[in-house]
file start_6.tsv (TSV, C-alpha atoms)
chain	number	residue	atom	x	y	z
A	1	MET	CA	-54.34	41.60	136.13
A	2	PHE	CA	-57.35	40.63	138.21
A	3	ALA	CA	-55.87	37.17	138.78
A	4	VAL	CA	-52.48	38.60	139.78
A	5	SER	CA	-53.85	41.15	142.26
A	6	PRO	CA	-54.30	38.70	145.19
A	7	LEU	CA	-50.57	37.88	145.02
A	8	LEU	CA	-49.63	41.55	145.40
A	9	ILE	CA	-52.22	42.02	148.14
A	10	ALA	CA	-50.89	39.01	150.07
A	11	GLN	CA	-47.41	40.56	150.09
A	12	ALA	CA	-48.63	43.92	151.42
A	13	PRO	CA	-47.98	44.48	155.14
A	14	PHE	CA	-50.75	44.29	157.75
A	15	GLU	CA	-52.19	47.56	158.99
A	16	SER	CA	-51.27	48.26	162.62
A	17	THR	CA	-54.78	48.66	164.08
A	18	MET	CA	-56.95	46.59	161.76
A	19	GLY	CA	-54.63	43.76	160.77
A	20	LEU	CA	-55.65	41.30	158.07
A	21	VAL	CA	-59.15	42.69	157.53
A	22	GLN	CA	-57.71	45.97	156.20
A	23	LYS	CA	-56.76	44.07	153.04
A	24	ILE	CA	-60.40	44.23	151.98
A	25	SER	CA	-59.59	47.86	151.14
A	26	TYR	CA	-57.53	46.81	148.11
A	27	TYR	CA	-60.79	45.80	146.40
A	28	HIS	CA	-63.22	48.01	148.32
A	29	MET	CA	-61.60	51.38	147.49
A	30	PRO	CA	-61.04	50.76	143.75
A	31	ALA	CA	-64.59	49.40	143.46
A	32	ALA	CA	-65.91	52.54	145.18
A	33	TRP	CA	-63.90	54.75	142.84
A	34	MET	CA	-65.23	52.92	139.78
A	35	PHE	CA	-68.73	53.32	141.22
A	36	LEU	CA	-68.19	57.09	141.23
A	37	VAL	CA	-66.50	57.11	137.80
A	38	ALA	CA	-69.36	55.10	136.31
A	39	ALA	CA	-71.90	57.54	137.77
A	40	ILE	CA	-70.02	60.46	136.18
A	41	VAL	CA	-69.79	58.67	132.81
A	42	CYS	CA	-73.51	57.90	132.97
A	43	GLY	CA	-74.35	61.50	133.80
A	44	VAL	CA	-72.12	63.04	131.11
A	45	ALA	CA	-73.39	60.61	128.46
A	46	SER	CA	-76.96	61.38	129.51
A	47	ILE	CA	-76.39	65.12	129.18
A	48	ARG	CA	-74.95	64.61	125.69
A	49	PHE	CA	-77.88	62.39	124.79
A	50	LEU	CA	-80.42	64.93	126.04
A	51	PHE	CA	-78.78	67.78	124.13
A	52	THR	CA	-77.77	66.03	120.90
A	53	GLY	CA	-80.25	63.17	120.71
A	54	SER	CA	-77.44	60.86	119.61
A	55	ILE	CA	-78.37	57.27	120.37
A	56	ARG	CA	-74.73	56.32	120.92
A	57	HIS	CA	-74.56	58.48	124.05
A	58	ASP	CA	-77.70	56.80	125.32
A	59	ARG	CA	-76.06	53.39	124.90
A	60	VAL	CA	-73.01	54.53	126.87
A	61	ALA	CA	-75.24	55.95	129.60
A	62	TRP	CA	-77.21	52.71	129.86
A	63	GLY	CA	-74.06	50.62	130.04
A	64	ALA	CA	-72.51	52.94	132.60
A	65	ALA	CA	-75.67	52.76	134.75
A	66	GLU	CA	-75.37	48.98	134.93
A	67	LEU	CA	-71.76	49.38	136.00
A	68	VAL	CA	-72.78	51.87	138.68
A	69	VAL	CA	-75.02	49.12	140.09
A	70	LEU	CA	-72.26	46.49	139.80
A	71	PHE	CA	-69.38	48.48	141.29
A	72	GLY	CA	-71.66	50.12	143.83
A	73	ALA	CA	-72.75	46.69	145.01
A	74	LEU	CA	-69.11	45.61	145.29
A	75	ALA	CA	-68.34	48.64	147.47
A	76	LEU	CA	-71.52	48.37	149.55
A	77	VAL	CA	-70.92	44.71	150.33
A	78	THR	CA	-67.16	44.73	150.93
A	79	GLY	CA	-67.43	47.90	153.04
A	80	PRO	CA	-69.70	46.43	155.75
A	81	LEU	CA	-67.62	43.24	155.83
A	82	TRP	CA	-64.60	45.40	156.60
A	83	ALA	CA	-66.57	47.62	158.98
A	84	ARG	CA	-67.78	44.68	161.08
A	85	LYS	CA	-64.22	44.04	162.21
A	86	ALA	CA	-62.86	47.60	162.09
A	87	TRP	CA	-65.82	49.45	163.63
A	88	GLY	CA	-67.64	46.64	165.41
A	89	VAL	CA	-70.83	47.23	163.41
A	90	TRP	CA	-72.00	46.23	159.92
A	91	TRP	CA	-73.38	49.65	159.03
A	92	VAL	CA	-73.68	53.21	160.32
A	93	TRP	CA	-75.93	55.87	158.87
A	94	ASP	CA	-73.13	58.37	158.37
A	95	VAL	CA	-72.85	60.71	155.39
A	96	ARG	CA	-70.50	58.64	153.23
A	97	LEU	CA	-72.37	55.36	153.52
A	98	THR	CA	-75.84	56.86	153.28
A	99	SER	CA	-75.06	59.02	150.24
A	100	SER	CA	-73.36	56.07	148.52
A	101	LEU	CA	-76.43	53.92	149.10
A	102	MET	CA	-78.62	56.68	147.68
A	103	GLY	CA	-76.39	56.98	144.60
A	104	TRP	CA	-76.61	53.23	144.08
A	105	MET	CA	-80.41	53.34	144.34
A	106	VAL	CA	-80.56	56.12	141.73
A	107	ALA	CA	-78.74	53.80	139.32
A	108	VAL	CA	-81.11	50.94	140.14
A	109	ALA	CA	-83.99	53.33	139.46
A	110	TYR	CA	-82.39	54.20	136.09
A	111	LEU	CA	-82.36	50.53	135.09
A	112	LEU	CA	-85.94	49.99	136.24
A	113	VAL	CA	-87.11	53.01	134.26
A	114	ARG	CA	-85.32	51.74	131.13
A	115	LYS	CA	-86.82	48.29	131.51
A	116	TYR	CA	-90.40	49.18	132.45
A	117	GLY	CA	-90.77	52.84	131.50
A	118	GLY	CA	-92.08	52.40	127.99
A	119	PRO	CA	-91.77	55.10	125.31
A	120	GLY	CA	-89.77	58.09	126.42
A	121	SER	CA	-88.05	56.17	129.19
A	122	ASP	CA	-84.66	56.89	127.64
A	123	LYS	CA	-84.98	60.63	128.25
A	124	LEU	CA	-86.60	60.14	131.65
A	125	ALA	CA	-83.77	57.88	132.77
A	126	ALA	CA	-81.21	60.33	131.39
A	127	GLY	CA	-82.69	63.03	133.59
A	128	LEU	CA	-82.59	60.69	136.56
A	129	SER	CA	-78.91	59.96	136.02
A	130	LEU	CA	-78.10	63.64	136.45
A	131	PHE	CA	-79.06	63.32	140.12
A	132	GLY	CA	-76.72	60.37	140.43
A	133	MET	CA	-73.88	62.37	138.94
A	134	ALA	CA	-74.63	65.38	141.15
A	135	ASN	CA	-74.33	63.08	144.17
A	136	VAL	CA	-70.75	62.05	143.31
A	137	PRO	CA	-68.76	65.07	144.62
A	138	PHE	CA	-70.94	65.02	147.72
A	139	ILE	CA	-70.08	61.36	148.35
A	140	TYR	CA	-66.36	62.00	147.87
A	141	ILE	CA	-65.92	65.09	150.08
A	142	SER	CA	-68.40	64.07	152.77
A	143	VAL	CA	-65.77	62.31	154.89
A	144	ASN	CA	-63.62	65.47	155.00
A	145	TYR	CA	-66.35	67.90	156.06
A	146	TRP	CA	-68.78	65.94	158.22
A	147	ARG	CA	-68.27	64.04	161.44
A	148	THR	CA	-67.99	60.42	160.31
A	149	ILE	CA	-66.26	57.21	161.29
A	150	HIS	CA	-65.30	56.47	157.67
A	151	PRO	CA	-61.59	57.12	156.88
A	152	LYS	CA	-60.83	60.43	155.19
A	153	THR	CA	-59.66	60.81	151.61
A	154	THR	CA	-56.20	61.80	152.90
A	155	VAL	CA	-55.50	58.14	153.70
A	156	ILE	CA	-54.71	57.39	150.04
A	157	PRO	CA	-51.90	59.92	149.44
A	158	LYS	CA	-50.31	58.87	152.74
A	159	LEU	CA	-50.13	55.16	151.87
A	160	PRO	CA	-46.61	53.78	152.32
A	161	LEU	CA	-44.97	52.22	149.25
A	162	GLU	CA	-45.61	48.63	150.35
A	163	MET	CA	-49.34	49.34	150.50
A	164	GLY	CA	-49.41	51.82	147.65
A	165	VAL	CA	-48.15	49.38	145.00
A	166	PRO	CA	-50.91	46.78	145.43
A	167	PHE	CA	-53.50	49.54	145.89
A	168	TRP	CA	-52.69	51.37	142.65
A	169	PHE	CA	-52.32	48.05	140.81
A	170	CYS	CA	-55.83	47.10	141.91
A	171	THR	CA	-57.11	50.55	140.95
A	172	ALA	CA	-55.64	50.20	137.45
A	173	THR	CA	-57.13	46.70	137.22
A	174	PHE	CA	-60.58	47.90	138.18
A	175	LEU	CA	-60.31	50.82	135.74
A	176	LEU	CA	-59.43	48.50	132.86
A	177	LEU	CA	-62.23	46.19	133.94
A	178	PHE	CA	-64.65	49.11	133.87
A	179	VAL	CA	-63.57	50.13	130.37
A	180	LEU	CA	-63.81	46.56	129.09
A	181	LEU	CA	-67.24	45.94	130.62
A	182	LEU	CA	-68.53	49.27	129.28
A	183	ARG	CA	-67.36	48.41	125.77
A	184	MET	CA	-69.03	44.99	125.99
A	185	ARG	CA	-72.26	46.54	127.16
A	186	VAL	CA	-72.27	49.25	124.47
A	187	ARG	CA	-71.60	46.59	121.83
A	188	LEU	CA	-74.65	44.67	123.11
A	189	GLU	CA	-76.85	47.70	122.51
A	190	GLU	CA	-75.31	48.29	119.09
A	191	GLN	CA	-76.04	44.69	118.09
A	192	ARG	CA	-79.61	45.00	119.39
A	193	ALA	CA	-80.06	48.08	117.20
A	194	ARG	CA	-78.73	46.17	114.18
A	195	LEU	CA	-81.12	43.33	115.00
A	196	ASP	CA	-84.05	45.74	115.05
A	197	ALA	CA	-82.93	47.13	111.69
A	198	LEU	CA	-82.85	43.58	110.28
A	199	TYR	CA	-86.37	42.90	111.51
A	200	LEU	CA	-87.54	46.09	109.83
A	201	ALA	CA	-85.79	45.05	106.60
A	202	LEU	CA	-87.68	41.76	106.65
A	203	ASP	CA	-91.08	43.46	106.80
B	1	MET	CA	-83.82	42.72	138.43
B	2	MET	CA	-82.33	39.30	139.10
B	3	LEU	CA	-78.97	40.97	139.64
B	4	CYS	CA	-80.55	43.24	142.26
B	5	VAL	CA	-82.10	40.32	144.09
B	6	LEU	CA	-78.82	38.42	143.96
B	7	LEU	CA	-76.86	41.36	145.27
B	8	ALA	CA	-79.41	42.02	148.03
B	9	GLY	CA	-79.17	38.43	149.14
B	10	ALA	CA	-75.41	38.41	149.02
B	11	ALA	CA	-75.19	41.60	151.03
B	12	PHE	CA	-76.41	39.86	154.19
B	13	PRO	CA	-73.56	37.67	155.46
B	14	ALA	CA	-74.40	34.33	157.02
B	15	ALA	CA	-73.19	35.55	160.42
B	16	GLY	CA	-76.47	37.50	160.73
B	17	TRP	CA	-77.82	40.84	159.56
B	18	GLY	CA	-80.31	41.20	162.38
B	19	GLN	CA	-77.75	42.21	165.00
B	20	PRO	CA	-78.41	45.69	166.41
B	21	SER	CA	-76.01	48.28	164.99
B	22	ALA	CA	-74.86	50.11	168.12
B	23	PRO	CA	-72.84	53.23	167.38
B	24	PRO	CA	-69.11	52.77	168.00
B	25	GLU	CA	-67.89	54.30	171.26
B	26	GLN	CA	-64.76	56.31	171.86
B	27	LEU	CA	-62.06	54.14	173.43
B	28	ASP	CA	-60.85	54.93	176.96
B	29	GLU	CA	-58.90	51.72	177.49
B	30	PHE	CA	-57.28	48.97	175.47
B	31	VAL	CA	-58.57	45.45	176.01
B	32	PRO	CA	-56.50	42.42	174.99
B	33	ILE	CA	-58.26	40.36	172.38
B	34	ASP	CA	-58.44	37.24	174.56
B	35	GLN	CA	-60.53	39.17	177.12
B	36	LEU	CA	-63.17	40.16	174.59
B	37	PRO	CA	-66.53	38.37	174.65
B	38	GLN	CA	-66.57	35.38	172.35
B	39	ALA	CA	-69.02	37.08	170.00
B	40	GLU	CA	-66.56	39.92	169.34
B	41	GLN	CA	-63.61	37.68	168.48
B	42	ILE	CA	-64.35	37.47	164.77
B	43	PRO	CA	-61.46	36.05	162.78
B	44	ALA	CA	-60.61	38.46	159.99
B	45	ALA	CA	-60.51	35.66	157.41
B	46	ASN	CA	-64.24	35.05	157.98
B	47	LEU	CA	-64.82	38.52	156.57
B	48	LEU	CA	-61.94	38.82	154.10
B	49	VAL	CA	-62.68	35.62	152.19
B	50	PRO	CA	-66.40	36.37	151.62
B	51	ALA	CA	-65.49	39.93	150.54
B	52	TYR	CA	-63.03	38.77	147.88
B	53	SER	CA	-65.28	35.91	146.84
B	54	PHE	CA	-68.22	38.25	146.37
B	55	VAL	CA	-66.17	40.57	144.16
B	56	TRP	CA	-64.96	37.75	141.94
B	57	LEU	CA	-68.40	36.10	141.71
B	58	ALA	CA	-70.24	39.34	140.98
B	59	VAL	CA	-67.84	40.36	138.22
B	60	PHE	CA	-67.91	36.87	136.74
B	61	ALA	CA	-71.74	36.78	136.88
B	62	TYR	CA	-71.97	40.13	135.10
B	63	VAL	CA	-69.53	39.10	132.37
B	64	VAL	CA	-71.49	35.86	131.82
B	65	SER	CA	-74.77	37.82	131.75
B	66	VAL	CA	-73.54	40.28	129.10
B	67	SER	CA	-71.91	37.50	127.05
B	68	ARG	CA	-75.13	35.47	127.04
B	69	ARG	CA	-77.24	38.44	125.98
B	70	LEU	CA	-74.73	39.29	123.26
B	71	GLY	CA	-74.67	35.69	122.07
B	72	THR	CA	-78.46	35.53	121.86
B	73	VAL	CA	-78.62	38.73	119.83
B	74	GLU	CA	-75.81	37.69	117.46
B	75	ARG	CA	-77.39	34.27	116.85
B	76	GLU	CA	-80.68	35.93	116.04
B	77	MET	CA	-78.88	38.32	113.68
B	78	GLU	CA	-77.24	35.44	111.83
B	79	ARG	CA	-80.60	33.72	111.45
B	80	LEU	CA	-82.22	36.87	110.09
B	81	GLU	CA	-79.34	37.54	107.69
B	82	ARG	CA	-79.71	33.99	106.36
B	83	ASP	CA	-83.45	34.53	105.91
B	84	LEU	CA	-82.86	37.83	104.12
B	85	THR	CA	-80.29	36.23	101.81
B	86	ARG	CA	-82.71	33.40	100.98
B	87	GLU	CA	-85.53	35.81	100.21
B	88	LYS	CA	-83.45	37.77	97.69
B	89	PRO	CA	-83.89	36.46	94.14
call {"tool": "encode", "arguments": {"input": "start_6.tsv", "output": "structure tokens"}}
result
Amino acid sequence: MFAVSPLLIAQAPFESTMGLVQKISYYHMPAAWMFLVAAIVCGVASIRFLFTGSIRHDRVAWGAAELVVLFGALALVTGPLWARKAWGVWWVWDVRLTSSLMGWMVAVAYLLVRKYGGPGSDKLAAGLSLFGMANVPFIYISVNYWRTIHPKTTVIPKLPLEMGVPFWFCTATFLLLFVLLLRMRVRLEEQRARLDALYLALD
Amino acid sequence: MMLCVLLAGAAFPAAGWGQPSAPPEQLDEFVPIDQLPQAEQIPAANLLVPAYSFVWLAVFAYVVSVSRRLGTVEREMERLERDLTREKP
């Protein structure tokens, strides 16, 4: 699906004010949505880990945190490339962009804590991810309630059919990509746990 | 960590990050594109192509990273399972 998406995007019409550069949105918006979804998955899995102690939820949270960093980076790089042409500047410190950058940094902090935090870092990182999840609704509604140059959320429901088809196709593609990458990442942690068990069996 | 450094480096396009980010002004006239200063006439493809390329490269790099880590762990598991089998009488 990922390979087919450029063909659909190429057939979509140009936007009247932004022209060709608007086509960055077909990757930028789905990547931003997956960034938010991954932050929610990380937060929910962290809550379940904190309350139940189940290691499986911790693995999902860790994998989701990596995907927050990945998809957040995709959105935070493609956005300024689009903005340079559409707004005339690479970056503005408006609510949407600033809160998204903060959410991305929370996920980076999660990964740093897991890597260098030592014993107890799993619970500490889980607590950190709750702030990332709490940031998500704020990021989403910010463009509707604060004065900002970023397009509002009402742009999506108003997309004409010729733009809507490639957009929703790309969204479905990114969603499937997210699920696949999360499964791969969780499997990595499961195999690491089995490896640790094998080392213990050798002793 | 390496992923963060890579992404930080990729986030600064070759056209220059150091340009001052002046806030956009409200339009009071329309200017034809051929009357804009040369610096403002940025072809859209110079931004579109790097955007799509970054997405593809970043996703590919992450998939390769996870696959390598998984491969290392599974090879180590096979080695340990062989050792455990040999140790059993």
call {"tool": "atom_distance", "arguments": {"input": "start_6.tsv", "atom1": "atom CA of A:Ile139", "atom2": "atom CA of A:Ala32"}}
result
10.3 Å
call {"tool": "residues_around", "arguments": {"input": "start_6.tsv", "residues": "stretch 45-60 of chain B", "least_positions_apart": "3", "cutoff": "8 Å", "atoms": "all atoms listed in the file", "output": "tab-separated table (two decimals) with C-alpha atoms, in the coordinates of the input"}}
result
chain	number	residue	atom	x	y	z
A	20	LEU	CA	-55.65	41.30	158.07
A	21	VAL	CA	-59.15	42.69	157.53
A	23	LYS	CA	-56.76	44.07	153.04
A	24	ILE	CA	-60.40	44.23	151.98
A	27	TYR	CA	-60.79	45.80	146.40
A	70	LEU	CA	-72.26	46.49	139.80
A	74	LEU	CA	-69.11	45.61	145.29
A	77	VAL	CA	-70.92	44.71	150.33
A	78	THR	CA	-67.16	44.73	150.93
A	81	LEU	CA	-67.62	43.24	155.83
A	82	TRP	CA	-64.60	45.40	156.60
A	85	LYS	CA	-64.22	44.04	162.21
B	10	ALA	CA	-75.41	38.41	149.02
B	42	ILE	CA	-64.35	37.47	164.77
B	63	VAL	CA	-69.53	39.10	132.37
B	64	VAL	CA	-71.49	35.86	131.82
call {"tool": "residues_around", "arguments": {"input": "start_6.tsv", "residues": "B:Leu80", "least_positions_apart": "3", "cutoff": "12 Å", "atoms": "all atoms listed in the file", "output": "PDB file with C-alpha atoms, keeping the file's coordinate frame"}}
result
ATOM      1  CA  ARG A 194     -78.730  46.170 114.180  1.00  0.00           C
ATOM      2  CA  LEU A 195     -81.120  43.330 115.000  1.00  0.00           C
ATOM      3  CA  ASP A 196     -84.050  45.740 115.050  1.00  0.00           C
ATOM      4  CA  ALA A 197     -82.930  47.130 111.690  1.00  0.00           C
ATOM      5  CA  LEU A 198     -82.850  43.580 110.280  1.00  0.00           C
ATOM      6  CA  TYR A 199     -86.370  42.900 111.510  1.00  0.00           C
ATOM      7  CA  LEU A 200     -87.540  46.090 109.830  1.00  0.00           C
ATOM      8  CA  ALA A 201     -85.790  45.050 106.600  1.00  0.00           C
ATOM      9  CA  LEU A 202     -87.680  41.760 106.650  1.00  0.00           C
ATOM     10  CA  ASP A 203     -91.080  43.460 106.800  1.00  0.00           C
TER      11      ASP A 203
ATOM     12  CA  VAL B  73     -78.620  38.730 119.830  1.00  0.00           C
ATOM     13  CA  GLU B  74     -75.810  37.690 117.460  1.00  0.00           C
ATOM     14  CA  ARG B  75     -77.390  34.270 116.850  1.00  0.00           C
ATOM     15  CA  GLU B  76     -80.680  35.930 116.040  1.00  0.00           C
ATOM     16  CA  MET B  77     -78.880  38.320 113.680  1.00  0.00           C
ATOM     17  CA  ASP B  83     -83.450  34.530 105.910  1.00  0.00           C
ATOM     18  CA  LEU B  84     -82.860  37.830 104.120  1.00  0.00           C
ATOM     19  CA  THR B  85     -80.290  36.230 101.810  1.00  0.00           C
ATOM     20  CA  ARG B  86     -82.710  33.400 100.980  1.00  0.00           C
ATOM     21  CA  GLU B  87     -85.530  35.810 100.210  1.00  0.00           C
TER      22      GLU B  87
END
call {"tool": "atom_distance", "arguments": {"input": "start_6.tsv", "atom1": "atom CA of A:Ile55", "atom2": "atom CA of A:Leu181"}}
result
18.9 Å
call {"tool": "residues_around", "arguments": {"input": "start_6.tsv", "residues": "A:Met1", "least_positions_apart": "5", "cutoff": "10 Å", "atoms": "all atoms listed in the file", "output": "VMD selection string"}}
result
chain A and resid 6 169 to 170 172 to 174 176 to 177
call {"tool": "atom_distance", "arguments": {"input": "start_6.tsv", "atom1": "atom CA of A:Tyr140", "atom2": "atom CA of A:Thr171"}}
result
16.3 Å
call {"tool": "residues_around", "arguments": {"input": "start_6.tsv", "residues": "stretch 41-46 of chain A", "least_positions_apart": "2", "cutoff": "12 Å", "atoms": "all atoms listed in the file", "output": "PyMOL selection string"}}
result
chain A and resi 34-39+48-69+103+106-107+110-111+122-136+178-179+182
call {"tool": "closest_residue", "arguments": {"input": "start_6.tsv", "among": "A:Ile156, A:Ile47, A:Ile9, A:Val165", "to": "chain B", "atoms": "all atoms listed in the file"}}
result
A:Ile9
call {"tool": "axis_aligned_box", "arguments": {"input": "start_6.tsv", "around": "stretch 13-27 of chain A", "padding_each_side": "6 Å", "output": "AutoDock Vina command-line options"}}
result
--center_x -54.4 --center_y 45.0 --center_z 155.2 --size_x 24.8 --size_y 19.4 --size_z 29.7
call {"tool": "closest_residue", "arguments": {"input": "start_6.tsv", "among": "A:Arg192, A:Pro160, A:Ala109, A:Gly117", "to": "chain B", "atoms": "all atoms listed in the file"}}
result
A:Arg192
call {"tool": "residues_around", "arguments": {"input": "start_6.tsv", "residues": "B:Val66", "least_positions_apart": "3", "cutoff": "8 Å", "atoms": "all atoms listed in the file", "output": "mmCIF file with C-alpha atoms, keeping the file's coordinate frame"}}
result
data_model
loop_
_atom_site.group_PDB
_atom_site.id
_atom_site.type_symbol
_atom_site.label_atom_id
_atom_site.label_comp_id
_atom_site.auth_asym_id
_atom_site.auth_seq_id
_atom_site.Cartn_x
_atom_site.Cartn_y
_atom_site.Cartn_z
ATOM 1 C CA MET A 184 -69.030 44.990 125.990
ATOM 2 C CA ARG A 185 -72.260 46.540 127.160
ATOM 3 C CA LEU A 188 -74.650 44.670 123.110
ATOM 4 C CA TYR B 62 -71.970 40.130 135.100
ATOM 5 C CA VAL B 63 -69.530 39.100 132.370
ATOM 6 C CA ARG B 69 -77.240 38.440 125.980
ATOM 7 C CA LEU B 70 -74.730 39.290 123.260
#
